[in-house]
Structures are given as C-alpha cells and as structure tokens.
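Data block below; observations after.
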Amino acid sequence: MDALEAWSAQLAGWAIPEHILAAAPESPWVLPHAVFVRRADRHLRTPSGATYEQLTKALSPGGTVLDVGAAAGAASLPAGELISHITAVDTNEALLAEFGERAGAIPHRLVQGRWPDVAAQVEPVDVVVCAHVLYNAPDLAPFVEALTSRARRRVIVETAEIHPLTSLNPLWQRFHGITRPAGPTADDAVAALRELGLDVDVTRWSKAAAPEYRRFDELVDVSRRRLCLPPEAAPEVAEALREMGVDSRTPPDLGSSGRNVVTLSWAGVHPFED
C-alpha cells in the first residue's frame with residue numbers, strides 16, 4: 001500500500017461503529033464554536049509559533065492570503081498587518097461570521113463550502129494557509145493539489161502531531177469496550193505529500209498549555225456527545241476525565257489539536273517574483 005492509500009485507509013478506521021452511532025441520542029460530530037473563537041482571540045492577542053513565523057516570512061513585505069478551514073481566523077489573522085486581502089473558506093457559516101468580525105478593516109471575502117469543492121471559486125493568492133484540516137481530508141491528493149494551485153509563493157499547513165481524537169481512545173475503551181485507531185500521524189501526512197512530489201519542509205513545535213473551555217462541565221458535555229453517550233452519563237464522563245489527569249481548572253478540548261503540532265510548508269505553483 002502506498003502512502004496516499006495508507007492515509008485514506010487509516011482515516012477510514014475512525015468511523016464510529018454503526019451500532020454505537022445508531023444508539024447515540026445526539027450527533028457525535030460536535031463543533032465546539034467557543035473553542036475556535038477563544039483560540040483565535042488568544043492568537044490575535046499573542047501571535048506565536050512556527051506557523052505564524054512562516055506565514056509572516058512568506059508574506060513579507062505584504063501580500064494576499066487564502067485560509068482554508070479558517071474557523072475564526074487563528075492561523076491567519078495574527079499576521080493581519082501584512083495582509084492586503086484575505087479569503088476565508090470554511091463549511092460553517094457561524095465561524096465564518098466570527099472570522100469576518102475579527103478581520104475588521106482587512107479586505108476580506110468569506111466562502112462557505114468544503115475544500116476542494118469550492119476551489120474554483122477562489123482566486124490565486126500569495127500564501128495559502130490551512131490549519132488542522134488534514135485529518136478531515138481522506139482523499140488527500142485533490143485536497144493538496146487544490147491548495148498548491150492557489151499559492152503563488154507558499155503553502156503553509158499546520159496539523160496535530162497525532163490524530164486529534166486519539167486523546168479520547170481510553171474513554172472509548174472504558175465506555176464501549178472498543179479499541180480506536182492510533183493513526184494516521186503527521187509523519188504519514190509528510191510521506192503522502194512527498195509521494196505527490198512536494199518538497200515539504202517540516203517544523204515540529206509545541207503550543208503552550210491554555211484552557212479551551214471556560215468551565216469543566218463544557219468539556220464534559222462535548223466529550224460525552226463525541227462518545228455517543230446520553231446526558232445522564234455526564235457524571236461518569238467527568239470522573240473518567242479526572243482519572244485521566246485532565247485539569248478541571250484549565251480544561252482542554254480532547255478532540256482538538258493538542259499541544260504537539262507540526263507545520264508543513266512547500267512552494268506554490270508560481271515562484272514569487274519581486
């Protein structure tokens with residue numbers, strides 16, 4: 001099996017067993033809006049990390065940006081002083097509205113839809129940024145090819161070192177008695193990208209610990225839903241989270257990116273010329 005096929009096969013392994021999904025009282029596909037908004041505001045207050053550094057370098061002295069899977073703008077808007085125009089793509093209308101609010105005076109365009117389905121609606125830009133979306137892209141080749149085709153200077157992709165949902169694996173074992181996958185990982189993504197012929201630069205780094213939820217019970221509720229459990233299971237989920245060592249004072253989003261991340265970058269299709 002080649003690297004692209006292995007990537008797709010590993011992601012397919014994350015499907016929730018049908019009998020568990022059918023019995024779920026609520027959809028497990030939870031999109032915690034507050035987490036994305038809080039993360040964007042934190043990055044806007046204190047820009048940092050390899051993705052920010054590479055984005056500002058690629059944009060200098062200024063340029064246009066495409067943010068794919070933009071959410072509220074955590075990956076791109078901290079470099080706002082260098083951005084002459086930005087296009088944000090996301091499937092979620094509410095998060096795009098949050099992005100637009102935070103973009104403020106930066107000229108911007110909001111495109112609702114799934115990448116690469118909406119790629120034809122987007123003009124080429126100087127730099128394309130895409131943060132924490134790769135694990136939602138089982139068909140990696142067209143996804144990445146569309147990113148690259150829109151970049152004149154650079155494509156910058158941030159992703160978790162391991163699949164974000166692996167942090168919930170002990171809870172799936174505890175509540176459902178099933179073993180969840182361990183991959184794919186960022187290394188698998190790099191192998192697949194290089195199989196596509198891309199000369200990928202890899203930077204590994206860690207984010208500082210920060211609370212993703214204001215209250216522990218918010219984390220409990222989101223985790224419960226992700227585990228396909230009913231509301232009455234909340235006390236058991238809370239107990240399990242505490243036993244896992246989750247700090248109730250700074251609750252993380254267990255289905256999110258985690259602290260260990262990797263920034264991948266490669267050249268766009270048209271080298272930048274002064």
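Chain labels follow the order of the structure tokens: the first chain is A, the next B, and so on; residue numbering restarts at 1 in every chain, and ligands are counted from 1 in their shown order.
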Dump as a Markdown table the rows for residues of stretch 89-141 of chain A within 8 Å of stretch 4-20 of chain A: closest atom pair and distance in Å with one decimal, only C-alpha atoms counted, ordered by chain and rising residue number.
```
| residue | atom | partner | partner_atom | distance |
| --- | --- | --- | --- | --- |
| A:Tyr135 | CA | A:Leu11 | CA | 7.3 |
| A:Pro138 | CA | A:Ser8 | CA | 4.6 |
| A:Asp139 | CA | A:Ser8 | CA | 6.4 |
| A:Leu140 | CA | A:Leu4 | CA | 7.0 |
| A:Ala141 | CA | A:Leu4 | CA | 7.5 |
```
Can I get the selected residues back with C-alpha atoms, as a compact mmCIF listing (two decimals), in the first residue's frame?
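part_16.txt written:
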```
# COMPACT_ATOMS: atom_id res chain seq x y z
CA TYR A 135 -7.18 14.73 9.27
CA PRO A 138 -9.13 11.28 3.39
CA ASP A 139 -8.72 11.98 -0.32
CA LEU A 140 -5.51 13.90 0.20
CA ALA A 141 -4.26 14.29 -3.38
```
Subject >> Picked from stretch 57-125 of chain A by DSSP as helix (DSSP H, G or I), as a PyMOL selection string >> reply: chain A and resi 57-59+77-82+93-103+119-121
Export N, CA, C and O atoms of the chosen residues as a compact mmCIF listing (two decimals), in the first residue's frame?
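Once everything was written out, this is out28.txt:
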```txt
# COMPACT_ATOMS: atom_id res chain seq x y z
N LYS A 57 6.93 35.44 7.32
CA LYS A 57 8.09 35.43 6.43
C LYS A 57 7.66 35.34 4.97
O LYS A 57 8.18 36.06 4.11
N ALA A 58 6.69 34.46 4.69
CA ALA A 58 6.23 34.28 3.31
C ALA A 58 5.47 35.50 2.80
O ALA A 58 5.47 35.78 1.60
N LEU A 59 4.83 36.24 3.71
CA LEU A 59 4.05 37.41 3.31
C LEU A 59 4.91 38.66 3.13
O LEU A 59 4.52 39.57 2.40
N LEU A 77 -5.15 35.46 10.78
CA LEU A 77 -5.38 36.86 11.14
C LEU A 77 -4.32 37.47 12.05
O LEU A 77 -4.14 38.70 12.02
N PRO A 78 -3.57 36.68 12.84
CA PRO A 78 -2.49 37.32 13.61
C PRO A 78 -1.45 38.01 12.73
O PRO A 78 -0.73 38.89 13.21
N ALA A 79 -1.36 37.64 11.46
CA ALA A 79 -0.43 38.30 10.53
C ALA A 79 -1.12 39.43 9.77
O ALA A 79 -0.66 39.85 8.71
N GLY A 80 -2.21 39.94 10.32
CA GLY A 80 -3.06 40.90 9.62
C GLY A 80 -2.36 42.13 9.09
O GLY A 80 -2.74 42.67 8.04
N GLU A 81 -1.33 42.61 9.78
CA GLU A 81 -0.64 43.83 9.33
C GLU A 81 0.04 43.66 7.97
O GLU A 81 0.30 44.64 7.28
N LEU A 82 0.30 42.39 7.60
CA LEU A 82 0.96 42.12 6.32
C LEU A 82 -0.03 41.71 5.23
O LEU A 82 0.39 41.52 4.08
N GLU A 93 -21.01 28.47 8.64
CA GLU A 93 -21.38 29.87 8.43
C GLU A 93 -21.13 30.73 9.67
O GLU A 93 -20.66 31.87 9.58
N ALA A 94 -21.43 30.18 10.84
CA ALA A 94 -21.27 30.95 12.07
C ALA A 94 -19.80 31.27 12.33
O ALA A 94 -19.45 32.39 12.75
N LEU A 95 -18.91 30.30 12.08
CA LEU A 95 -17.49 30.56 12.28
C LEU A 95 -16.95 31.54 11.24
O LEU A 95 -16.08 32.37 11.55
N LEU A 96 -17.47 31.49 10.03
CA LEU A 96 -17.07 32.48 9.03
C LEU A 96 -17.46 33.89 9.47
O LEU A 96 -16.72 34.85 9.24
N ALA A 97 -18.63 34.01 10.10
CA ALA A 97 -19.05 35.32 10.61
C ALA A 97 -18.08 35.80 11.69
O ALA A 97 -17.73 36.99 11.75
N GLU A 98 -17.62 34.88 12.54
CA GLU A 98 -16.63 35.23 13.55
C GLU A 98 -15.33 35.68 12.90
O GLU A 98 -14.67 36.63 13.35
N PHE A 99 -14.94 35.00 11.83
CA PHE A 99 -13.74 35.38 11.09
C PHE A 99 -13.90 36.80 10.55
O PHE A 99 -13.00 37.63 10.70
N GLY A 100 -15.03 37.05 9.91
CA GLY A 100 -15.26 38.37 9.33
C GLY A 100 -15.21 39.48 10.37
O GLY A 100 -14.66 40.57 10.12
N GLU A 101 -15.75 39.21 11.55
CA GLU A 101 -15.72 40.19 12.63
C GLU A 101 -14.28 40.49 13.06
O GLU A 101 -13.91 41.64 13.29
N ARG A 102 -13.46 39.45 13.13
CA ARG A 102 -12.08 39.63 13.57
C ARG A 102 -11.19 40.18 12.47
O ARG A 102 -10.15 40.79 12.76
N ALA A 103 -11.55 39.96 11.22
CA ALA A 103 -10.77 40.53 10.12
C ALA A 103 -10.85 42.05 10.12
O ALA A 103 -9.89 42.74 9.74
N ALA A 119 -12.84 25.25 -4.57
CA ALA A 119 -11.56 25.81 -5.00
C ALA A 119 -11.71 26.67 -6.25
O ALA A 119 -11.02 27.69 -6.39
N ALA A 120 -12.60 26.28 -7.14
CA ALA A 120 -12.78 27.04 -8.38
C ALA A 120 -13.33 28.44 -8.14
O ALA A 120 -13.23 29.32 -9.00
N GLN A 121 -13.91 28.66 -6.95
CA GLN A 121 -14.46 29.97 -6.62
C GLN A 121 -13.42 30.94 -6.06
O GLN A 121 -13.72 32.09 -5.80
```
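Nearest residue to A:Asn260 among A:Ile178, A:Ala192, A:Ile86, A:Ile162 is A:Ile162, counting only C-alpha atoms.
Put simply, atom CA of A:Thr263 is 26.1 Å away from atom CA of A:Pro107.
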Contact table stretch 7-114 of chain A vs stretch 193-202 of chain A, cut-off 12 Å, shortest pair per residue, only C-alpha atoms, as JSON lines:
```
{"residue": "A:Trp7", "atom": "CA", "partner": "A:Leu193", "partner_atom": "CA", "distance": 10.4}
{"residue": "A:Ala50", "atom": "CA", "partner": "A:Val202", "partner_atom": "CA", "distance": 10.0}
{"residue": "A:Thr51", "atom": "CA", "partner": "A:Val202", "partner_atom": "CA", "distance": 10.8}
{"residue": "A:Gln54", "atom": "CA", "partner": "A:Asp201", "partner_atom": "CA", "distance": 10.7}
```
Subject >> 12 Å contact set for A:Pro230, only C-alpha atoms, chain neighbours under 5 positions out, as a ChimeraX atom specification >> reply: /A:20-21,23-28,175,220-225,235-237
